[in-house]
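Trainee: Right, I'll just put the structure down here and ask away after.
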Amino acid sequence: MDLLGFSLPLALGIAALGSGLGLGRAIDSAMSAMGRQPEAIGKIQTAMLIGCAFIEALTIYALVTVFVLMGKIK
Amino acid sequence: MNLVAMINSFILAAQSASENGGEEKPELTNIVLMISNWMKSHGNISAADFLNTFQNTIFFTILIIIPLAIWAIVTYRKVMHGSEREERLRIPKGFSQNFWEWIVQILSDFTEQGLGLGERGLTYVPFIGSLFLFILLNNLLGVFPLMKSATSSLNTTLGLAGIVFFTVQIHGVRALGLWGWIKHLAGVENGDMLEYILIPLMFPLHVIGELIKPMSLSLRLFGNIFGEDMLIAVFVGLGAFAFLPLQTPFYFLALLTSLIQTMVFTLLACSYIANFSHTSEHNAEAME
């Protein structure tokens with residue numbers, strides 16, 4: 001019984017869940033900081049985008065695994 | 001209308017003629033693929049295979065590097081070795097000189113902010129700046145119709161991450177000295193007894209961390225850009241039956257993630273270099 005076709009999308013879904021939670025927290029604190037000090041919006045935006053790229057990278061690792069194993073699903 | 005039909009009908013050809021031997025990765029056609037198909041239909045198999053193998057890393061890399069480098073070098077010679085050197089150095093004149101001074105100013109500010117080393121960090125502006133320009137233009141190239149990003153293949157990104165890794169280590173050896181570099185890898189900062197006792201724990205941790213860094217750099221960039229290109233290809237295939245441009249929202253996403261991924265790569269390279277340098281905190285503690 002071949003579980004690869006079942007487990008790969010499930011793994012990607014769980015990775016997306018984790019990154020959704022993490023990104024939500026990061027952007028939440030960025031929004032609060034922007035609301036407290038509207039003059040610093042530019043710098044906070046830059047830092048928020050870079051932080052989001054780091055968190056997103058973990059989901060991208062799961063996506064790369066899917067690409068590598070995609071040909072082996074029957 | 002004709003161009004859209006031609007491009008959409010080439011998707012099936014790309015699926016079978018791409019270099020991964022018929023696996024079903026959807027991929028849009030590009031110039032090199034079209035040239036190699038034309039060569040194959042004329043019987044020139046070996047040249048077509050050569051083009052196919054290196055279509056990403058060599059061809060599109062050269063497409064970005066050579067015009068940009070030629071333009072920059074020609075501008076430099078016009079300014080520094082031309083006839084109006086004094087006036088041009090005081091007040092920049094002409095489109096090329098103004099454009100390149102603007103780009104260099106942006107990259108220099110970016111590097112200074114990323115490194116945090118002040119004046120000493122200016123020696124790294126050429127390296128970080130060319131890394132930034134190369135990755136940015138290659139990421140953006142994948143959005144154009146008949147082009148393909150060089151960074152959408154793991155070969156290019158692994159090469160870039162390898163360059164960054166060796167630069168960081170050699171900079172560490174040069175800035176800290178050989179013994180200082182080994183001590184930094186072992187986690188010994190201040191020379192306390194506690195740090196010397198913890199060496200068997202910290203040394204493998206730091207070494208494995210240093211080896212993981214190029215892997216994560218390359219995989220992050222590769223995954224983002226390859227996923228973006230494949231997303232666009234899938235949506236082109238979805239809208240192909242009625243020539244609907246369903247992939248347009250993803251073009252904007254591709255622009256955004258291209259810029260963000262270059263900034264992340266370059267800022268990480270900057271922070272790795274700064275990690276291996278003496279900062280002012282180190283000097284303040286050493287003077288006590």
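Simple scheme: letters A, B, ... for chains in structure tokens order, numbers from 1 for residues in each chain, numbers from 1 for ligands in the order shown.
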Can you tell me, as a PDB file with C-alpha atoms, in the first residue's frame, what residues are no more than 9 Å from stretch 60-68 of chain A when counting only C-alpha atoms, ignoring any on the same chain fewer than 4 positions away?
Mentor:
```pdb
ATOM      1  CA  LEU A   8       3.080  14.408   0.585  1.00  0.00           C
ATOM      2  CA  PRO A   9       0.132  16.807   0.397  1.00  0.00           C
ATOM      3  CA  ALA A  11       3.000  17.144   4.944  1.00  0.00           C
ATOM      4  CA  LEU A  12       2.702  20.294   2.878  1.00  0.00           C
ATOM      5  CA  ALA A  15       3.927  22.907   7.052  1.00  0.00           C
ATOM      6  CA  ALA A  16       1.582  25.585   5.756  1.00  0.00           C
ATOM      7  CA  GLU A  56       8.202  31.207   4.984  1.00  0.00           C
ATOM      8  CA  LYS A  72       7.703   8.833  -7.559  1.00  0.00           C
TER       9      LYS A  72
ATOM     10  CA  LYS B  25       6.575  18.967 -13.885  1.00  0.00           C
ATOM     11  CA  SER B 216      19.445  26.874   3.931  1.00  0.00           C
ATOM     12  CA  LEU B 219      17.210  25.988  -0.650  1.00  0.00           C
ATOM     13  CA  ARG B 220      15.308  29.085   0.405  1.00  0.00           C
ATOM     14  CA  PHE B 222      15.634  27.909  -5.040  1.00  0.00           C
ATOM     15  CA  GLY B 223      12.333  26.914  -3.474  1.00  0.00           C
ATOM     16  CA  ASN B 224      10.848  30.378  -3.677  1.00  0.00           C
ATOM     17  CA  PHE B 226      11.178  27.636  -8.657  1.00  0.00           C
ATOM     18  CA  GLY B 227       7.830  27.458  -6.900  1.00  0.00           C
TER      19      GLY B 227
END
```
Trainee: Set the cut-off to 12 Å and count only C-alpha atoms: what are the residues of chain B that reach chain A? Output as a PyMOL selection string.
Mentor: chain B and resi 20-26+110+113-114+152-154+215-228+230+256-268
Trainee: What separation in Å, quoted to one decimal, exists between atom CA of B:Pro145 and atom CA of B:Ile62?
Mentor: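 So the answer is 18.1 Å.
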Trainee: Given the choices B:Val32, B:Ile232, B:Val188, B:Ile64, which gets closest to B:Asp49 if the distance is worked out from only C-alpha atoms?
Mentor: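 Of B:Val32, B:Ile232, B:Val188, B:Ile64, the one nearest B:Asp49, counting only C-alpha atoms, is B:Val32.
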Trainee: Would you kindly return, as a list in words, each protein, DNA or RNA residue with an atom no farther than 10 Å from any atom of stretch 248-253 of chain B, considering only C-alpha atoms and excluding same-chain residues fewer than 2 positions away?
Mentor: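 Here the answer would be Leu140, Gly142, Val143, Phe144, Glu228, Asp229, Leu231, Ile232, Phe235, Val236, Leu244, Pro245, Leu246, Leu255, Leu256, Thr257 and Ser258 of chain B.
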Trainee: Let's have the selection written as a CSV table (one decimal), in the first residue's frame, with C-alpha atoms.
Mentor:
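Below you can see selection_29.csv, which holds the result:
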```csv
chain,number,residue,atom,x,y,z
B,140,LEU,CA,12.8,39.0,-12.2
B,142,GLY,CA,11.5,34.5,-14.9
B,143,VAL,CA,8.5,36.7,-15.2
B,144,PHE,CA,9.2,37.6,-18.8
B,228,GLU,CA,6.9,30.9,-8.2
B,229,ASP,CA,7.7,29.9,-11.8
B,231,LEU,CA,2.8,28.4,-10.1
B,232,ILE,CA,2.8,30.7,-13.1
B,235,PHE,CA,-2.0,28.8,-14.1
B,236,VAL,CA,-1.1,29.4,-17.7
B,244,LEU,CA,-7.5,33.6,-20.5
B,245,PRO,CA,-4.6,35.3,-18.7
B,246,LEU,CA,-5.3,33.7,-15.4
B,255,LEU,CA,7.7,40.6,-8.4
B,256,LEU,CA,7.3,40.9,-4.7
B,257,THR,CA,8.9,37.6,-3.7
B,258,SER,CA,11.8,38.2,-6.1
```
